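*Asks:* Got a structure for you, start04.cif, holding mmCIF, C-alpha atoms.
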data_structure
loop_
_atom_site.label_atom_id
_atom_site.label_comp_id
_atom_site.auth_asym_id
_atom_site.auth_seq_id
_atom_site.Cartn_x
_atom_site.Cartn_y
_atom_site.Cartn_z
CA LEU A 85 25.92 2.71 -49.56
CA PRO A 86 22.50 4.33 -49.96
CA ALA A 87 22.74 8.08 -50.41
CA VAL A 88 20.97 10.21 -47.83
CA LEU A 89 18.49 12.71 -49.21
CA LEU A 90 19.50 16.37 -48.94
CA LYS A 91 16.31 16.94 -46.98
CA ASP A 92 17.41 14.62 -44.19
CA THR A 93 21.05 15.65 -43.79
CA LYS A 94 22.11 17.48 -40.70
CA LEU A 95 23.38 21.05 -40.92
CA MET A 96 26.98 20.07 -40.21
CA ASP A 97 27.00 17.57 -43.08
CA VAL A 98 25.68 19.98 -45.70
CA LYS A 99 28.31 21.17 -48.16
CA LEU A 100 28.72 24.89 -48.55
CA GLY A 101 27.36 24.94 -52.09
CA GLN A 102 24.20 23.08 -51.09
CA LEU A 103 23.45 25.42 -48.23
CA GLY A 104 20.97 27.54 -50.19
CA THR A 105 18.92 24.60 -51.40
CA TRP A 106 19.08 22.95 -48.02
CA LEU A 107 17.78 26.09 -46.31
CA ALA A 108 14.95 26.37 -48.82
CA MET A 109 13.86 22.80 -48.13
CA ARG A 110 13.36 23.39 -44.40
CA ASP A 111 9.91 23.44 -42.84
CA PHE A 112 8.79 27.07 -42.42
CA THR A 113 5.19 26.45 -41.42
CA PRO A 114 4.22 27.80 -37.97
CA GLY A 115 4.08 24.23 -36.70
CA GLY A 116 7.49 23.57 -38.16
CA ILE A 117 8.99 26.72 -36.61
CA LEU A 118 7.46 25.89 -33.25
CA GLY A 119 8.80 22.35 -33.50
CA ALA A 120 12.26 23.64 -34.35
CA MET A 121 12.23 26.01 -31.36
CA ARG A 122 11.07 23.22 -29.09
CA ARG A 123 13.77 20.86 -30.36
CA GLY A 124 16.44 23.53 -29.83
CA TYR A 125 15.21 24.22 -26.31
CA GLU A 126 15.10 20.50 -25.48
CA ARG A 127 18.65 19.99 -26.80
CA TYR A 128 20.06 22.85 -24.76
CA TYR A 129 18.05 21.95 -21.65
CA ASN A 130 18.99 18.27 -21.67
CA LYS A 131 22.63 18.99 -22.35
CA TYR A 132 23.40 21.76 -19.87
CA ILE A 133 20.66 22.05 -17.25
CA ASN A 134 18.91 18.70 -16.72
CA VAL A 135 22.00 17.01 -15.23
CA ARG A 136 23.09 15.93 -11.77
CA LYS A 137 25.93 18.44 -11.31
CA GLY A 138 25.33 21.37 -13.62
CA GLY A 139 27.73 24.28 -13.70
CA ILE A 140 27.44 28.00 -14.21
CA GLY A 141 27.87 27.52 -17.97
CA GLY A 142 24.28 26.45 -18.54
CA LEU A 143 22.90 29.72 -17.16
CA SER A 144 25.70 32.09 -18.18
CA MET A 145 25.52 31.14 -21.85
CA VAL A 146 21.85 32.08 -21.94
CA LEU A 147 22.58 35.42 -20.26
CA ALA A 148 25.49 36.14 -22.59
CA GLY A 149 23.28 35.38 -25.58
CA TYR A 150 20.65 37.76 -24.18
CA ILE A 151 23.27 40.51 -23.70
CA VAL A 152 24.51 40.14 -27.28
CA LEU A 153 21.00 40.10 -28.68
CA SER A 154 19.91 43.19 -26.76
CA TYR A 155 23.09 45.01 -27.86
CA MET A 156 22.31 44.14 -31.45
CA TRP A 157 18.77 45.48 -31.12
CA SER A 158 19.89 48.71 -29.48
CA TYR A 159 22.98 49.27 -31.68
CA SER A 160 21.39 52.01 -33.76
CA HIS A 161 20.47 53.90 -30.59
CA VAL A 162 23.91 53.45 -29.00
CA SER A 163 25.87 54.50 -32.07
CA LYS A 164 23.97 57.82 -32.20
CA TYR A 165 26.00 59.05 -29.20
CA ASN A 166 29.14 59.63 -31.33
CA VAL B 5 -14.71 5.95 -30.67
CA LEU B 6 -12.03 3.40 -29.87
CA HIS B 7 -10.65 1.67 -32.91
CA THR B 8 -10.32 -1.86 -31.64
CA THR B 9 -8.33 -2.86 -34.69
CA ARG B 10 -5.55 -0.39 -33.80
CA PRO B 11 -2.62 -2.29 -32.40
CA LEU B 12 -1.50 -1.26 -28.93
CA HIS B 13 1.92 -1.54 -27.29
CA THR B 14 3.72 -2.49 -30.45
CA THR B 15 7.10 -0.96 -29.54
CA GLN B 16 9.52 -1.98 -26.84
CA GLN B 17 9.54 1.53 -25.44
CA SER B 18 8.23 1.77 -21.90
CA LEU B 19 8.12 4.60 -19.40
CA ALA B 20 9.76 2.76 -16.54
CA PRO B 21 12.43 2.46 -15.36
CA VAL B 22 13.41 6.02 -16.23
CA PRO B 23 17.03 6.27 -17.38
CA PRO B 24 19.17 8.11 -14.82
CA LEU B 25 20.25 11.71 -15.39
CA PRO B 26 23.74 12.27 -16.80
CA GLU B 27 26.33 13.14 -14.17
CA LYS B 28 27.80 16.28 -15.68
CA GLY B 29 26.50 18.64 -18.33
CA GLY B 30 28.29 19.66 -21.48
CA GLU B 31 31.72 21.12 -20.86
CA VAL B 32 31.87 24.91 -21.02
CA ARG B 33 35.15 26.82 -21.01
CA HIS B 34 35.38 30.13 -19.14
CA GLY B 35 31.66 29.78 -18.44
CA LEU B 36 30.77 31.08 -21.89
CA ILE B 37 32.02 28.96 -24.76
CA PRO B 38 31.16 25.27 -25.18
CA GLU B 39 34.03 22.87 -25.41
CA GLU B 40 32.80 21.62 -28.79
CA PHE B 41 33.91 24.88 -30.38
CA PHE B 42 37.49 24.36 -29.25
CA GLN B 43 37.40 20.76 -30.49
CA PHE B 44 35.96 21.94 -33.78
CA LEU B 45 38.90 24.29 -34.40
CA TYR B 46 41.60 22.06 -32.93
CA PRO B 47 42.46 20.06 -36.11
CA LYS B 48 43.02 23.19 -38.16
CA THR B 49 44.50 25.67 -35.69
CA GLY B 50 45.69 23.70 -32.65
CA VAL B 51 45.18 24.82 -29.08
CA THR B 52 45.56 28.57 -29.42
CA GLY B 53 43.28 28.87 -32.44
CA PRO B 54 40.05 29.86 -30.70
CA TYR B 55 41.86 32.36 -28.48
CA MET B 56 43.43 34.06 -31.47
CA LEU B 57 40.03 34.10 -33.13
CA GLY B 58 38.55 35.69 -30.03
CA THR B 59 41.28 38.34 -29.75
CA GLY B 60 41.03 39.21 -33.44
CA LEU B 61 37.26 39.43 -33.25
CA LEU B 62 37.43 41.69 -30.19
CA LEU B 63 39.93 44.07 -31.80
CA TYR B 64 37.87 44.14 -34.99
CA LEU B 65 34.71 45.02 -33.09
CA LEU B 66 36.49 47.74 -31.10
CA SER B 67 38.34 49.31 -34.01
CA LYS B 68 35.37 49.37 -36.34
CA GLU B 69 33.20 50.78 -33.55
CA ILE B 70 30.77 47.94 -33.92
CA TYR B 71 31.11 47.72 -30.14
CA VAL B 72 30.89 51.30 -28.81
CA VAL B 73 32.86 52.13 -25.66
CA ASN B 74 30.76 54.39 -23.47
CA HIS B 75 29.71 54.76 -19.82
CA GLU B 76 27.85 51.43 -20.02
CA THR B 77 31.14 49.67 -20.76
CA ALA B 78 32.56 50.82 -17.43
CA ALA B 79 29.41 49.75 -15.61
CA ALA B 80 29.52 46.36 -17.36
CA ALA B 81 33.17 45.89 -16.42
CA CYS B 82 32.50 46.61 -12.72
CA ILE B 83 29.43 44.39 -12.60
CA LEU B 84 31.19 41.52 -14.38
CA THR B 85 34.18 41.76 -12.05
CA VAL B 86 31.96 41.51 -9.00
CA ILE B 87 29.97 38.63 -10.49
CA VAL B 88 33.06 36.65 -11.46
CA TYR B 89 34.62 37.22 -8.04
CA GLY B 90 31.44 36.11 -6.31
CA ILE B 91 31.16 32.95 -8.42
CA LYS B 92 34.77 32.03 -7.95
CA LYS B 93 34.56 32.46 -4.20
CA PHE B 94 31.14 30.98 -3.34
CA GLY B 95 30.54 28.67 -6.29
CA ALA B 96 31.74 25.50 -4.66
CA ASP B 97 29.74 26.07 -1.47
CA VAL B 98 26.51 26.77 -3.34
CA ALA B 99 27.06 23.72 -5.48
CA ALA B 100 27.62 21.56 -2.39
CA PHE B 101 24.46 22.93 -0.77
CA ALA B 102 22.38 22.23 -3.87
CA ASP B 103 23.83 18.76 -4.10
CA LYS B 104 22.94 18.14 -0.47
CA LEU B 105 19.32 19.15 -1.13
CA ASN B 106 19.19 16.81 -4.08
CA GLU B 107 20.72 14.03 -2.04
CA GLU B 108 18.07 14.46 0.64
CA LYS B 109 15.28 14.27 -1.92
CA VAL B 110 16.76 11.18 -3.51
CA ALA B 111 17.32 9.57 -0.11
CA ALA B 112 13.71 10.24 0.89
CA ALA B 113 12.41 8.71 -2.33
CA LEU B 114 14.73 5.73 -1.94
CA ALA B 115 13.64 5.22 1.65
CA MET B 116 10.01 5.26 0.55
CA LYS B 117 10.72 2.74 -2.18
CA ASN B 118 12.61 0.47 0.22
CA GLU B 119 9.87 0.72 2.77
CA ALA B 120 7.27 -0.17 0.15
CA MET B 121 9.33 -3.14 -0.95
CA GLN B 122 9.75 -4.24 2.67
CA THR B 123 6.01 -3.97 3.26
CA LEU B 124 5.31 -6.04 0.19
CA GLN B 125 7.89 -8.59 1.27
CA THR B 126 6.30 -8.99 4.70
CA ALA B 127 2.92 -9.20 2.99
CA ILE B 128 4.24 -12.06 0.84
CA GLU B 129 5.53 -13.89 3.90
CA GLU B 130 2.26 -13.38 5.74
CA GLU B 131 0.41 -14.75 2.73
CA LYS B 132 2.62 -17.83 2.64
CA LYS B 133 2.00 -18.35 6.33
CA GLU B 134 -1.74 -18.10 5.77
CA GLN B 135 -1.47 -20.66 3.02
CA TRP B 136 0.37 -22.97 5.38
CA ARG B 137 -2.32 -22.42 7.98
CA VAL B 138 -4.99 -23.42 5.51
CA GLU B 139 -3.44 -26.88 5.30
CA GLY B 140 -4.37 -27.46 8.91
CA ARG B 141 -8.06 -27.16 8.18
CA LYS B 142 -8.35 -30.93 8.08
CA TYR B 143 -7.54 -31.14 11.78
CA LEU B 144 -9.84 -28.25 12.52
CA PHE B 145 -12.76 -29.97 10.86
CA ASP B 146 -11.98 -33.25 12.61
CA ALA B 147 -12.11 -31.47 15.96
CA LYS B 148 -15.36 -29.81 15.01
CA ARG B 149 -16.83 -33.10 13.93
CA ASN B 150 -15.83 -34.63 17.25
CA ASN B 151 -17.44 -31.77 19.11
CA ILE B 152 -20.67 -32.14 17.22
CA ALA B 153 -20.76 -35.90 17.75
CA MET B 154 -20.24 -35.39 21.46
CA LEU B 155 -23.06 -32.86 21.58
CA LEU B 156 -25.40 -35.21 19.78
CA GLU B 157 -24.47 -38.06 22.08
CA THR B 158 -24.99 -35.92 25.16
CA ASN B 159 -28.33 -34.74 23.93
CA TYR B 160 -29.45 -38.26 23.14
CA ARG B 161 -28.49 -39.49 26.56
CA GLU B 162 -30.19 -36.58 28.28
CA ARG B 163 -33.38 -37.36 26.46
CA LEU B 164 -33.04 -41.03 27.23
CA LEU B 165 -32.72 -40.21 30.90
CA MET B 166 -35.75 -37.95 30.73
CA VAL B 167 -37.81 -40.68 29.12
CA TYR B 168 -36.72 -43.14 31.76
CA ASN B 169 -37.59 -40.74 34.55
CA GLU B 170 -41.01 -39.96 33.14
CA VAL B 171 -41.88 -43.58 32.59
CA LYS B 172 -40.71 -44.44 36.08
CA LYS B 173 -42.86 -41.65 37.51
CA ARG B 174 -45.93 -42.98 35.79
CA LEU B 175 -45.25 -46.54 36.82
CA ASP B 176 -44.63 -45.42 40.40
CA TYR B 177 -47.94 -43.63 40.33
CA GLN B 178 -49.74 -46.73 39.22
CA VAL B 179 -48.00 -48.79 41.92
CA ALA B 180 -48.86 -46.20 44.56
CA MET B 181 -52.46 -46.19 43.39
CA GLN B 182 -52.70 -49.95 43.70
CA THR B 183 -51.13 -50.06 47.16
CA LEU B 184 -53.37 -47.26 48.33
CA LYS B 185 -56.43 -49.02 46.98
CA ARG B 186 -55.47 -52.32 48.63
CA GLN B 187 -54.75 -50.58 51.91
CA LYS B 188 -58.03 -48.78 51.84
CA GLU B 189 -59.87 -52.01 51.08
CA GLN B 190 -58.03 -53.72 53.89
CA ASP B 191 -58.81 -50.95 56.37
CA HIS B 192 -62.36 -50.84 55.30
CA MET B 193 -62.77 -54.59 55.61
CA ILE B 194 -61.19 -54.63 59.08
CA GLN B 195 -63.44 -51.84 60.17
CA TRP B 196 -66.44 -53.55 58.76
CA VAL B 197 -65.57 -56.82 60.42
CA GLU B 198 -64.95 -55.09 63.75
CA LYS B 199 -68.18 -53.20 63.49
CA ASN B 200 -70.14 -56.32 62.71
CA VAL B 201 -68.50 -58.25 65.48
CA VAL B 202 -69.20 -55.52 67.99
CA GLN B 203 -72.71 -55.34 66.72
CA SER B 204 -73.12 -59.06 67.03
CA ILE B 205 -72.23 -58.98 70.70
CA THR B 206 -75.72 -58.48 72.13
CA PRO B 207 -76.12 -57.15 75.66
CA GLN B 208 -77.07 -60.67 76.83
CA GLN B 209 -73.99 -62.22 75.46
CA GLN B 210 -72.04 -59.37 76.97
CA LYS B 211 -73.37 -60.08 80.45
CA GLU B 212 -72.67 -63.81 80.06
CA SER B 213 -69.12 -63.17 78.80
CA ILE B 214 -68.40 -60.73 81.63
CA ALA B 215 -69.71 -63.29 84.23
CA LYS B 216 -67.64 -66.04 82.62
CA CYS B 217 -64.58 -63.76 82.73
CA ILE B 218 -65.10 -63.03 86.41
CA LEU B 219 -65.41 -66.76 87.16
CA ASP B 220 -62.23 -67.45 85.15
CA LEU B 221 -60.43 -64.70 87.00
CA LYS B 222 -61.54 -66.08 90.37
CA ALA B 223 -60.38 -69.54 89.36
CA LEU B 224 -57.08 -68.09 88.17
CA SER B 225 -56.64 -66.05 91.32
CA LYS B 226 -57.26 -69.17 93.38
CA SER B 227 -54.65 -71.11 91.44
CA ALA B 228 -52.26 -68.15 91.54
CA ARG B 229 -52.68 -67.73 95.34
CA ALA B 230 -52.09 -71.38 95.69
CA ALA B 231 -48.96 -71.20 93.58
CA VAL B 232 -47.56 -68.30 95.59
#
As structure tokens, please, write out the structure in this file.

*Replies:*
Amino acid sequence: LPAVLLKDTKLMDVKLGQLGTWLAMRDFTPGGILGAMRRGYERYYNKYINVRKGGIGGLSMVLAGYIVLSYMWSYSHVSKYN
Amino acid sequence: VLHTTRPLHTTQQSLAPVPPLPEKGGEVRHGLIPEEFFQFLYPKTGVTGPYMLGTGLLLYLLSKEIYVVNHETAAAACILTVIVYGIKKFGADVAAFADKLNEEKVAAALAMKNEAMQTLQTAIEEEKKEQWRVEGRKYLFDAKRNNIAMLLETNYRERLLMVYNEVKKRLDYQVAMQTLKRQKEQDHMIQWVEKNVVQSITPQQQKESIAKCILDLKALSKSARAAV
């Protein structure tokens, strides 16, 4: 059974102790970041939107994520009310 | 610069036919949380695990004021209620309408493809028929050869007839010339003989012949009167 290199393991297979090293080994060049964003977009798109009978979930998850993100960015402003 | 030593088409991958789209997307529960999350927690916490996690998280956020309740919360609640009600009531109809649009597009594309295939099929049959027709070219060329032979024959015979006619005309001319010449000679000779004979009858001879004729007539009249 040939051992898989830490560099090539998926995130779900990484043990908790190896997480730091694994994260450090990722590709953080601009091309790498762009590629990672494109891969993430393609995964989400092909799983939830590019299907014959898509549901509301594909769109609503994106909107919910946007709501959470915008709340996080405006938290400091909102908490000043109290 | 094209590197001719670079190998082309080495993999089996090809662009056609395109694999069909999956029927349904990933499962999403309550429109917000993917089903994989529930499956992920199921071995450890069972069915109610994610819901307990959600409730605990919500209470934690509220109590620690990480989520602040203000006027925007009320607005969000009203808006979300309306949205959820709208989706629940009209979701199925909108989905059916979208599916119908898709169906029409697919049917149009399929009809085009079928029509193209039909056209090509008829083209193949026409081609086979043309190939069958080509086999009959032997008979066609035989007929043409016959036609040409007949034309040649006709032409030859026409010319033969023309030659015959021309030769006959010339021969007839020669014959006519000869007859004319003979006739003219004959006429001329007769005339000449007559002229000479008339000339030879001198006036003396004429008187003697007339007297002899009168005597003969008298003798004849005597014998005729006697006979009557």

*Asks:* Write out as a list in words the residues lying within 12 Å of Glu40 in chain B, counting all atoms listed in the file and excluding same-chain residues fewer than 6 positions away.

*Replies:*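 Contacts, with the query itself left out: Gly30, Glu31, Val32, Arg33, Tyr46 and Pro54 of chain B.
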
*Asks:* Please determine, counting only C-alpha atoms, which residue among B:Gly29, B:Gly90, B:Gly50, B:Pro24 has the shortest atom-to-atom distance to chain A.

*Replies:*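 Going through B:Gly29, B:Gly90, B:Gly50, B:Pro24 one by one, the smallest distance to chain A is for B:Gly29.
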
*Asks:* CA of Leu36 in chain B and CA of Thr93 in chain A are how many Å apart?

*Replies:*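 So the answer is 28.5 Å.
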
*Asks:* Could you build a table of the residues in chain A lying no more than 9 Å from chain B, giving for each the nearest pair of atoms and their separation in Å rounded to one decimal place, using only C-alpha atoms, ordered by chain and ascending residue number, as a Markdown table?

*Replies:*
| residue | atom | partner | partner_atom | distance |
| --- | --- | --- | --- | --- |
| A:Asn130 | CA | B:Gly29 | CA | 8.2 |
| A:Lys131 | CA | B:Gly29 | CA | 5.6 |
| A:Tyr132 | CA | B:Gly29 | CA | 4.7 |
| A:Ile133 | CA | B:Gly29 | CA | 6.8 |
| A:Asn134 | CA | B:Leu25 | CA | 7.2 |
| A:Val135 | CA | B:Pro26 | CA | 5.3 |
| A:Arg136 | CA | B:Glu27 | CA | 4.9 |
| A:Lys137 | CA | B:Lys28 | CA | 5.2 |
| A:Gly138 | CA | B:Gly29 | CA | 5.6 |
| A:Gly139 | CA | B:Gly29 | CA | 7.4 |
| A:Ile140 | CA | B:Gly35 | CA | 6.2 |
| A:Gly141 | CA | B:Gly35 | CA | 4.4 |
| A:Gly142 | CA | B:Gly35 | CA | 8.1 |
| A:Leu143 | CA | B:Gly35 | CA | 8.9 |
| A:Ser144 | CA | B:Leu36 | CA | 6.4 |
| A:Met145 | CA | B:Leu36 | CA | 5.3 |
| A:Val146 | CA | B:Leu36 | CA | 9.0 |
| A:Ala148 | CA | B:Leu36 | CA | 7.3 |
| A:Tyr155 | CA | B:Tyr71 | CA | 8.8 |
| A:Tyr159 | CA | B:Ile70 | CA | 8.2 |
| A:Val162 | CA | B:Val72 | CA | 7.3 |
| A:Ser163 | CA | B:Val72 | CA | 6.8 |
| A:Tyr165 | CA | B:Asn74 | CA | 8.8 |
| A:Asn166 | CA | B:Val72 | CA | 8.9 |

*Asks:* Decode the PyMOL selection byres ((chain A and resi 108-117) around 12) for the given file into explicit residues and return them as a PyMOL selection string.

*Replies:* chain A and resi 89-95+102-107+118-124

*Asks:* How big is the axis-aligned box, and where does its centre sit, when it encloses all atoms of range 108-124 of chain A listed in the file and has 3 Å added on every side, reported in Å to one decimal as AutoDock Vina command-line options?

*Replies:*
--center_x 10.3 --center_y 24.3 --center_z -39.0 --size_x 18.4 --size_y 12.9 --size_z 25.7

*Asks:* What is the CA of Val86 in chain B-CA of Leu147 in chain A distance in Å, reported with one decimal?

*Replies:*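 We find that CA of Val86 in chain B and CA of Leu147 in chain A lie 15.9 Å from each other.
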
*Asks:* Some atoms are absent from range 120-131 of chain A, so rebuild N, CA and C atoms and return them as a compact mmCIF listing (two decimals), keeping the file's coordinate frame.

*Replies:*
# COMPACT_ATOMS: atom_id res chain seq x y z
N ALA A 120 10.82 23.40 -34.35
CA ALA A 120 12.26 23.64 -34.35
C ALA A 120 12.68 24.34 -33.05
N MET A 121 11.88 25.32 -32.62
CA MET A 121 12.23 26.01 -31.36
C MET A 121 12.19 25.03 -30.18
N ARG A 122 11.16 24.17 -30.19
CA ARG A 122 11.07 23.22 -29.09
C ARG A 122 12.24 22.26 -29.09
N ARG A 123 12.63 21.80 -30.29
CA ARG A 123 13.77 20.86 -30.36
C ARG A 123 15.03 21.53 -29.86
N GLY A 124 15.24 22.83 -30.28
CA GLY A 124 16.44 23.53 -29.83
C GLY A 124 16.45 23.68 -28.32
N TYR A 125 15.29 24.06 -27.78
CA TYR A 125 15.21 24.22 -26.31
C TYR A 125 15.50 22.90 -25.61
N GLU A 126 14.91 21.80 -26.13
CA GLU A 126 15.10 20.50 -25.48
C GLU A 126 16.57 20.10 -25.53
N ARG A 127 17.23 20.35 -26.69
CA ARG A 127 18.65 19.99 -26.80
C ARG A 127 19.45 20.73 -25.76
N TYR A 128 19.26 22.07 -25.70
CA TYR A 128 20.06 22.85 -24.76
C TYR A 128 19.76 22.45 -23.32
N TYR A 129 18.46 22.26 -23.03
CA TYR A 129 18.05 21.95 -21.65
C TYR A 129 18.64 20.62 -21.20
N ASN A 130 18.53 19.59 -22.08
CA ASN A 130 18.99 18.27 -21.67
C ASN A 130 20.49 18.18 -21.63
N LYS A 131 21.19 19.10 -22.35
CA LYS A 131 22.63 18.99 -22.35
C LYS A 131 23.25 19.74 -21.18
